[in-house]
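Chemist: Sharing entry.cif, mmCIF, C-alpha atoms and all ligand atoms:
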data_query
#
loop_
_atom_site.label_atom_id
_atom_site.label_comp_id
_atom_site.auth_asym_id
_atom_site.auth_seq_id
_atom_site.Cartn_x
_atom_site.Cartn_y
_atom_site.Cartn_z
CA MET F 130 -8.44 -17.15 -10.54
CA SER F 131 -9.48 -20.52 -11.98
CA ALA F 132 -8.59 -23.76 -10.20
CA ASP F 133 -5.10 -23.99 -11.73
CA GLY F 134 -4.26 -20.25 -11.69
CA PRO F 135 -2.36 -18.51 -8.88
CA ILE F 136 -3.89 -17.79 -5.47
CA LEU F 137 -4.42 -14.01 -5.42
CA LEU F 138 -3.52 -12.64 -2.02
CA GLY F 139 -4.12 -9.00 -1.03
CA LEU F 140 -1.87 -7.40 1.58
CA THR F 141 -2.91 -4.25 3.39
CA GLY F 142 -2.56 -2.37 6.66
CA SER F 143 -2.58 1.20 7.86
CA ILE F 144 0.29 3.64 7.50
CA GLY F 145 3.54 2.35 8.94
CA MET F 146 2.12 -1.02 9.99
CA GLY F 147 4.74 -2.87 7.94
CA LYS F 148 3.22 -3.66 4.54
CA SER F 149 6.45 -3.10 2.61
CA THR F 150 8.50 -5.06 5.13
CA VAL F 151 6.11 -8.03 5.09
CA ALA F 152 5.78 -7.87 1.28
CA GLN F 153 9.58 -8.21 1.12
CA MET F 154 9.33 -11.28 3.37
CA PHE F 155 6.92 -12.87 0.87
CA ALA F 156 9.25 -11.87 -1.97
CA ASP F 157 12.18 -13.51 -0.15
CA LEU F 158 10.14 -16.73 -0.26
CA GLY F 159 9.73 -16.42 -4.04
CA VAL F 160 6.28 -14.82 -4.22
CA PRO F 161 5.89 -12.18 -6.99
CA VAL F 162 4.76 -8.92 -5.36
CA PHE F 163 2.75 -6.11 -6.93
CA ASP F 164 3.56 -2.91 -5.00
CA ALA F 165 0.79 -0.36 -5.64
CA ASP F 166 2.64 2.52 -3.95
CA ALA F 167 5.75 1.86 -6.07
CA GLU F 168 3.65 1.75 -9.25
CA VAL F 169 2.09 5.09 -8.31
CA ARG F 170 5.49 6.63 -7.60
CA ALA F 171 6.84 5.42 -10.95
CA MET F 172 3.90 6.92 -12.87
CA GLN F 173 4.29 10.18 -10.90
CA GLY F 174 8.09 10.43 -11.26
CA PRO F 175 10.11 12.28 -13.93
CA GLY F 176 8.42 11.71 -17.30
CA GLY F 177 5.68 9.66 -15.59
CA SER F 178 2.48 8.87 -17.50
CA LEU F 179 0.18 10.58 -14.97
CA LEU F 180 1.91 13.96 -14.79
CA GLY F 181 -0.23 15.67 -17.44
CA ALA F 182 -3.53 14.65 -15.88
CA ILE F 183 -2.35 15.52 -12.36
CA GLU F 184 -1.01 18.93 -13.41
CA ALA F 185 -4.33 19.68 -15.17
CA ALA F 186 -6.34 18.78 -12.06
CA PHE F 187 -3.91 20.34 -9.56
CA PRO F 188 -2.09 23.24 -11.24
CA GLY F 189 1.44 23.71 -9.90
CA SER F 190 1.58 20.20 -8.39
CA THR F 191 4.25 18.90 -10.79
CA ASP F 192 7.66 20.06 -12.00
CA GLU F 193 10.60 18.59 -13.95
CA ASN F 194 11.10 16.03 -11.16
CA GLY F 195 7.52 14.78 -11.37
CA VAL F 196 4.82 15.22 -8.74
CA ARG F 197 5.76 17.58 -5.90
CA ARG F 198 4.69 15.00 -3.33
CA GLU F 199 4.93 17.13 -0.23
CA ALA F 200 2.79 19.88 -1.78
CA LEU F 201 0.20 17.57 -3.32
CA GLY F 202 -0.02 15.55 -0.11
CA ALA F 203 -0.68 18.73 1.90
CA GLN F 204 -3.52 19.47 -0.50
CA VAL F 205 -5.22 16.07 -0.64
CA PHE F 206 -4.70 14.44 2.77
CA HIS F 207 -6.89 17.14 4.37
CA ASP F 208 -9.51 17.37 1.66
CA PRO F 209 -11.65 14.32 0.80
CA ALA F 210 -12.98 15.85 -2.45
CA ALA F 211 -9.48 16.68 -3.70
CA ARG F 212 -8.30 13.21 -2.68
CA ALA F 213 -11.16 11.61 -4.62
CA ARG F 214 -10.13 13.63 -7.69
CA LEU F 215 -6.55 12.44 -7.42
CA GLU F 216 -7.63 8.85 -6.82
CA GLY F 217 -9.86 9.07 -9.90
CA ILE F 218 -6.72 9.75 -11.94
CA VAL F 219 -4.38 7.33 -10.20
CA HIS F 220 -6.44 4.22 -9.42
CA PRO F 221 -7.53 3.26 -12.97
CA ALA F 222 -3.86 3.44 -14.05
CA VAL F 223 -2.84 1.21 -11.13
CA ALA F 224 -5.58 -1.27 -12.10
CA GLU F 225 -4.13 -1.48 -15.62
CA ARG F 226 -0.61 -2.13 -14.23
CA ARG F 227 -2.11 -4.83 -12.01
CA ARG F 228 -3.65 -6.63 -14.97
CA LEU F 229 -0.27 -6.68 -16.74
CA PHE F 230 1.43 -8.02 -13.59
CA LEU F 231 -1.13 -10.84 -13.37
CA LEU F 232 -0.54 -11.83 -16.99
CA ARG F 233 3.24 -11.80 -16.47
CA HIS F 234 3.04 -14.13 -13.44
CA ILE F 235 0.12 -16.33 -14.40
CA ASP F 236 2.15 -19.50 -13.71
CA ALA F 237 3.14 -18.69 -10.10
CA PRO F 238 1.33 -20.56 -7.29
CA VAL F 239 0.72 -17.38 -5.24
CA LEU F 240 0.73 -13.66 -6.14
CA LEU F 241 0.79 -10.91 -3.52
CA PHE F 242 -0.82 -7.51 -4.10
CA ASP F 243 0.48 -4.89 -1.64
CA ILE F 244 -2.33 -2.31 -1.71
CA PRO F 245 -2.59 0.39 0.97
CA LEU F 246 -6.26 1.08 0.13
CA LEU F 247 -7.26 -2.54 -0.56
CA PHE F 248 -10.52 -2.50 1.42
CA GLU F 249 -11.29 1.17 0.72
CA THR F 250 -11.21 0.51 -3.03
CA GLY F 251 -13.23 -2.73 -3.11
CA ALA F 252 -10.59 -5.49 -3.30
CA ASP F 253 -12.70 -7.61 -5.61
CA TYR F 254 -9.69 -8.88 -7.58
CA VAL F 255 -8.09 -10.77 -4.66
CA GLU F 256 -9.32 -14.03 -3.15
CA ARG F 257 -7.87 -13.77 0.35
CA THR F 258 -6.71 -10.82 2.39
CA VAL F 259 -3.82 -10.38 4.80
CA VAL F 260 -3.69 -7.44 7.20
CA VAL F 261 -0.49 -6.37 8.95
CA SER F 262 -1.09 -4.91 12.37
CA ALA F 263 0.92 -3.66 15.34
CA PRO F 264 -0.19 -1.84 18.51
CA PRO F 265 -1.01 1.85 17.87
CA GLU F 266 1.90 3.14 19.94
CA VAL F 267 4.33 1.02 17.89
CA GLN F 268 2.78 2.32 14.66
CA ARG F 269 2.98 5.93 15.87
CA ALA F 270 6.65 5.63 16.90
CA ARG F 271 7.61 4.08 13.54
CA VAL F 272 5.77 6.66 11.48
CA LEU F 273 6.95 9.70 13.45
CA ALA F 274 10.55 8.52 13.06
CA ARG F 275 10.28 9.03 9.28
CA PRO F 276 11.82 12.13 7.75
CA GLY F 277 9.22 14.72 6.73
CA MET F 278 6.50 13.29 9.00
CA SER F 279 4.62 15.36 11.55
CA GLU F 280 1.91 14.60 14.14
CA GLU F 281 -0.48 16.57 11.97
CA LYS F 282 0.28 14.74 8.72
CA PHE F 283 0.10 11.38 10.52
CA ALA F 284 -3.34 12.28 11.94
CA ALA F 285 -4.63 13.39 8.52
CA ILE F 286 -3.45 10.19 6.81
CA LEU F 287 -4.91 7.99 9.56
CA ALA F 288 -8.24 9.79 9.19
CA ALA F 289 -8.19 9.05 5.43
CA GLN F 290 -7.76 5.29 5.99
CA MET F 291 -10.07 2.57 7.33
CA PRO F 292 -9.28 2.07 11.05
CA ASP F 293 -6.91 -0.79 11.90
CA ALA F 294 -9.55 -2.62 14.00
CA LYS F 295 -11.95 -2.68 11.06
CA LYS F 296 -9.23 -3.94 8.73
CA ARG F 297 -8.42 -6.78 11.13
CA GLU F 298 -12.10 -7.68 11.32
CA ARG F 299 -12.31 -7.96 7.53
CA ALA F 300 -9.03 -9.84 7.05
CA ASP F 301 -8.77 -13.54 6.32
CA TYR F 302 -5.35 -13.52 8.00
CA VAL F 303 -3.65 -11.07 10.38
CA ILE F 304 0.15 -10.88 10.55
CA ASP F 305 1.53 -9.42 13.77
CA THR F 306 4.14 -6.76 12.98
CA GLY F 307 4.55 -5.63 16.59
CA LEU F 308 6.96 -8.53 17.09
CA PRO F 309 10.68 -8.85 16.40
CA PRO F 310 11.01 -9.18 12.60
CA GLU F 311 12.10 -12.83 12.72
CA GLU F 312 8.86 -13.78 14.45
CA THR F 313 6.85 -11.91 11.85
CA ARG F 314 8.87 -13.68 9.15
CA ALA F 315 7.94 -17.05 10.71
CA GLN F 316 4.24 -16.10 10.54
CA VAL F 317 4.65 -15.22 6.86
CA ALA F 318 6.36 -18.55 6.13
CA GLU F 319 3.64 -20.46 7.98
CA LEU F 320 0.84 -18.69 6.13
CA LEU F 321 2.47 -19.30 2.75
CA ALA F 322 3.02 -22.98 3.54
CA SER F 323 -0.63 -23.37 4.53
CA LEU F 324 -1.80 -21.70 1.31
CA ILE F 325 0.34 -23.85 -0.94
CA ALA F 326 -0.36 -27.13 0.91
C1 LIG J 401 -0.61 12.51 -2.40
C2 LIG J 401 0.74 11.85 -2.66
C3 LIG J 401 1.42 12.46 -3.89
C4 LIG J 401 1.61 12.12 -1.40
O1 LIG J 401 2.84 11.46 -1.52
P1 LIG J 401 3.79 11.23 -0.22
O2 LIG J 401 5.09 10.74 -0.77
O3 LIG J 401 3.76 12.45 0.64
O4 LIG J 401 3.08 10.10 0.63
P2 LIG J 401 3.04 8.50 0.36
O5 LIG J 401 2.58 8.23 -1.02
O6 LIG J 401 4.32 7.89 0.80
O7 LIG J 401 1.87 8.07 1.36
C5 LIG J 401 1.97 8.25 2.78
C6 LIG J 401 0.92 7.36 3.43
O8 LIG J 401 -0.39 7.75 3.00
C7 LIG J 401 -1.06 6.64 2.39
N1 LIG J 401 -1.90 7.15 1.28
C8 LIG J 401 -1.51 7.55 0.04
N2 LIG J 401 -2.56 7.94 -0.68
C9 LIG J 401 -3.64 7.79 0.12
C10 LIG J 401 -5.03 8.00 -0.06
N3 LIG J 401 -5.50 8.43 -1.24
N4 LIG J 401 -5.86 7.72 0.99
C11 LIG J 401 -5.38 7.26 2.16
N5 LIG J 401 -4.08 7.03 2.40
C12 LIG J 401 -3.23 7.29 1.38
C13 LIG J 401 0.07 5.74 1.91
O9 LIG J 401 -0.36 4.41 1.78
C14 LIG J 401 1.07 5.87 3.03
O10 LIG J 401 0.70 5.10 4.14
C15 LIG J 401 0.56 10.31 -2.90
O11 LIG J 401 0.26 9.67 -1.68
C16 LIG J 401 -0.56 9.99 -3.89
O12 LIG J 401 -0.44 10.24 -5.07
N6 LIG J 401 -1.68 9.41 -3.39
C17 LIG J 401 -2.83 9.10 -4.23
C18 LIG J 401 -2.70 7.74 -4.83
C19 LIG J 401 -3.18 6.65 -3.90
O13 LIG J 401 -4.36 6.57 -3.60
N7 LIG J 401 -2.22 5.87 -3.41
C20 LIG J 401 -2.49 4.83 -2.45
C21 LIG J 401 -2.65 3.46 -2.98
S1 LIG J 401 -2.62 3.09 -4.68
N1 LIG J 402 8.02 -7.29 12.91
C1 LIG J 402 8.04 -6.28 12.05
N2 LIG J 402 7.29 -6.34 10.93
C2 LIG J 402 7.27 -5.30 10.05
N3 LIG J 402 7.96 -4.15 10.20
C3 LIG J 402 8.74 -4.04 11.30
C4 LIG J 402 8.80 -5.08 12.27
N4 LIG J 402 9.64 -4.70 13.26
C5 LIG J 402 10.08 -3.47 12.93
N5 LIG J 402 9.56 -3.06 11.74
C6 LIG J 402 9.84 -1.75 11.11
O1 LIG J 402 8.62 -1.02 10.96
C7 LIG J 402 8.66 -0.22 9.78
C8 LIG J 402 7.45 -0.55 8.91
O2 LIG J 402 7.50 0.23 7.75
P1 LIG J 402 6.95 -0.22 6.32
O3 LIG J 402 7.50 0.73 5.34
O4 LIG J 402 7.14 -1.70 6.10
O5 LIG J 402 5.38 0.07 6.54
P2 LIG J 402 4.25 0.31 5.47
O6 LIG J 402 3.00 -0.26 6.07
O7 LIG J 402 4.67 -0.22 4.16
O8 LIG J 402 4.18 1.90 5.44
P3 LIG J 402 3.34 2.94 4.48
O9 LIG J 402 1.89 2.63 4.67
O10 LIG J 402 3.66 4.30 4.99
O11 LIG J 402 3.80 2.71 3.08
C9 LIG J 402 9.98 -0.55 9.08
O12 LIG J 402 10.92 0.42 9.43
C10 LIG J 402 10.36 -1.90 9.69
O13 LIG J 402 11.75 -2.13 9.71
#
Since I need it in another form, could you write the structure as structure tokens?
Modeler:
Amino acid sequence: MSADGPILLGLTGSIGMGKSTVAQMFADLGVPVFDADAEVRAMQGPGGSLLGAIEAAFPGSTDENGVRREALGAQVFHDPAARARLEGIVHPAVAERRRLFLLRHIDAPVLLFDIPLLFETGADYVERTVVVSAPPEVQRARVLARPGMSEEKFAAILAAQMPDAKKRERADYVIDTGLPPEETRAQVAELLASLIA
């Protein structure tokens, strides 16, 4: 952004590391948040704008309730070529939603973009990056506690994402999500204060 536009901050982290939780902490402090996963879910839900293209590329993957997430996930998380096809449909639509979000909040001092695949997809539209990270055993316990999750699905998703250590290396800031939430919240507040100062 130009000198007087908002600071564009990208938030990422591997599955279950706490992106959504930390994004909510930024939101609680008044920062507008763009949630890429939520945008995708909306465009894949009942009547969603991506259903036609996804059904054409993956026959049987949608029904009257939108994308059959479990079934499509089973297809793409294990198959890089299929995943690339799905991403080719989804990511340009997310980019368009992101541009509209930026225009809507052009007067805010800081904007946060919560993007699971921030580094994997280039991240050229953000100026600084924040990675949320917790020890692997904490991540594993949190993810496996989710309904519908299995060891196998967790392993496949991890394999599809840039490793946590590499994300931390690339980050401008790392937020520790292995701590009690109030300590993580204090880190978020401190980072935001330093950005706005
Ligand atoms: C395949 C789909 C329908 C499966 O949905 P499901 O509800 O089972 O999983 P959910 O979306 O909650 O994702 C589970 C975990 O996998 C991660 N993930 C999702 N898509 C991808 C991907 N293409 N590559 C790596 N990790 C991914 C998520 O960030 C999350 O950590 C859905 O994940 C999807 O449409 N993905 C493609 C779009 C995409 O790339 N989204 C990520 C950021 S925009
Ligand atoms: N200090 C902390 N910071 C963040 N999350 C925490 C912390 N302590 C406990 N948690 C818990 O860890 C879980 C993190 O899940 P969350 O949905 O935020 O992760 P995510 O990275 O957005 O996941 P996904 O990549 O699957 O979308 C939540 O249940 C949250 O309550």
Chemist: Pick out the residues no farther than 9 Å from ligand LIG 402 (chain J), counting all atoms listed in the file, and list them as an MDAnalysis selection string.
Modeler: chainID F and resid 141:153 166 243 245 261:263 267:268 271:272 274:275 304:314
Chemist: Between F:Leu241, F:Ala222, F:Leu179, F:Val260, which one has atoms that come closest to Leu321 of chain F, using all atoms listed in the file?
Modeler: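 Among the listed residues, F:Leu241 lies closest to Leu321 of chain F.
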Chemist: What does the distance from atom C15 of ligand LIG 401 (chain J) to atom CA of Leu158 of chain F come to in Å, to one decimal?
Modeler: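 That distance, rounded to one decimal, is 28.8 Å.
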Chemist: Between F:Leu229, F:Ala322, F:Leu287, F:Ala294, which is the closest to Phe206 of chain F once you count all atoms listed in the file?
Modeler: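 So, comparing all the options, the nearest one is F:Leu287.
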Chemist: With a cut-off of 6 Å, could you pull out the residues of chain F touching ligand LIG 401 (chain J) and give me the nearest pair of atoms for each, distance in Å to one decimal, using all atoms listed in the file, ordered by chain and ascending number, as JSON lines?
Modeler:
{"residue": "F:Ile144", "atom": "CA", "partner": "J:LIG401", "partner_atom": "O10", "distance": 3.7}
{"residue": "F:Ala165", "atom": "CA", "partner": "J:LIG401", "partner_atom": "S1", "distance": 4.9}
{"residue": "F:Asp166", "atom": "CA", "partner": "J:LIG401", "partner_atom": "S1", "distance": 5.3}
{"residue": "F:Arg198", "atom": "CA", "partner": "J:LIG401", "partner_atom": "C3", "distance": 4.2}
{"residue": "F:Glu199", "atom": "CA", "partner": "J:LIG401", "partner_atom": "O3", "distance": 4.9}
{"residue": "F:Leu201", "atom": "CA", "partner": "J:LIG401", "partner_atom": "C1", "distance": 5.2}
{"residue": "F:Gly202", "atom": "CA", "partner": "J:LIG401", "partner_atom": "C1", "distance": 3.9}
{"residue": "F:Arg212", "atom": "CA", "partner": "J:LIG401", "partner_atom": "N3", "distance": 5.7}
{"residue": "F:Leu215", "atom": "CA", "partner": "J:LIG401", "partner_atom": "C17", "distance": 5.9}
{"residue": "F:Glu216", "atom": "CA", "partner": "J:LIG401", "partner_atom": "O13", "distance": 5.1}
{"residue": "F:Val219", "atom": "CA", "partner": "J:LIG401", "partner_atom": "C18", "distance": 5.6}
{"residue": "F:Ile244", "atom": "CA", "partner": "J:LIG401", "partner_atom": "C21", "distance": 5.9}
{"residue": "F:Pro245", "atom": "CA", "partner": "J:LIG401", "partner_atom": "O9", "distance": 4.7}
{"residue": "F:Leu246", "atom": "CA", "partner": "J:LIG401", "partner_atom": "C21", "distance": 5.3}
{"residue": "F:Ile286", "atom": "CA", "partner": "J:LIG401", "partner_atom": "N5", "distance": 5.5}
{"residue": "F:Ala289", "atom": "CA", "partner": "J:LIG401", "partner_atom": "C11", "distance": 4.7}
{"residue": "F:Gln290", "atom": "CA", "partner": "J:LIG401", "partner_atom": "C11", "distance": 4.9}
Chemist: Restrict the selected residues to C-alpha atoms and save them as a PDB file, keeping the file's coordinate frame.
Modeler:
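Final output, out-v2.pdb:
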ATOM      1  CA  ILE F 144       0.290   3.640   7.500  1.00  0.00           C
ATOM      2  CA  ALA F 165       0.790  -0.360  -5.640  1.00  0.00           C
ATOM      3  CA  ASP F 166       2.640   2.520  -3.950  1.00  0.00           C
ATOM      4  CA  ARG F 198       4.690  15.000  -3.330  1.00  0.00           C
ATOM      5  CA  GLU F 199       4.930  17.130  -0.230  1.00  0.00           C
ATOM      6  CA  LEU F 201       0.200  17.570  -3.320  1.00  0.00           C
ATOM      7  CA  GLY F 202      -0.020  15.550  -0.110  1.00  0.00           C
ATOM      8  CA  ARG F 212      -8.300  13.210  -2.680  1.00  0.00           C
ATOM      9  CA  LEU F 215      -6.550  12.440  -7.420  1.00  0.00           C
ATOM     10  CA  GLU F 216      -7.630   8.850  -6.820  1.00  0.00           C
ATOM     11  CA  VAL F 219      -4.380   7.330 -10.200  1.00  0.00           C
ATOM     12  CA  ILE F 244      -2.330  -2.310  -1.710  1.00  0.00           C
ATOM     13  CA  PRO F 245      -2.590   0.390   0.970  1.00  0.00           C
ATOM     14  CA  LEU F 246      -6.260   1.080   0.130  1.00  0.00           C
ATOM     15  CA  ILE F 286      -3.450  10.190   6.810  1.00  0.00           C
ATOM     16  CA  ALA F 289      -8.190   9.050   5.430  1.00  0.00           C
ATOM     17  CA  GLN F 290      -7.760   5.290   5.990  1.00  0.00           C
TER      18      GLN F 290
END
Chemist: Mind giving me the straight-line distance from atom CA of Asp157 of chain F to atom CA of Arg257 of chain F in Å, one decimal?
Modeler: 20.1 Å
Chemist: To one decimal place in Å, what is the distance between atom CA of Val223 of chain F and atom CA of Phe248 of chain F?
Modeler: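 Distance between the two atoms: 15.2 Å.
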Chemist: Kindly indicate which residue among F:Ala315, F:Ala285, F:Ile235, F:Leu140 lies nearest to Arg297 of chain F, using only C-alpha atoms for the distances.
Modeler: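 Looking only at the distances to Arg297 of chain F, the closest residue turns out to be F:Leu140.
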Chemist: Let me make sure I understand: among F:Glu298, F:Met291, F:Gln316, F:Gly134, which one has the smallest atom-to-atom distance to Glu249 of chain F if we use only C-alpha atoms?
Modeler: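 Looking at the shortest contact to Glu249 of chain F, the residue is F:Met291.
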Chemist: For Val162 of chain F, which of F:Leu320, F:Val255, F:Val239, F:Ala211 is the closest residue, counting only C-alpha atoms?
Modeler: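 Nearest to Val162 of chain F: F:Val239.
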Chemist: Between F:Arg214, F:Arg227, F:His207, F:His234, which has the minimum distance to Ala284 of chain F (counting only C-alpha atoms)?
Modeler: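 Nearest candidate to Ala284 of chain F out of F:Arg214, F:Arg227, F:His207, F:His234: F:His207.
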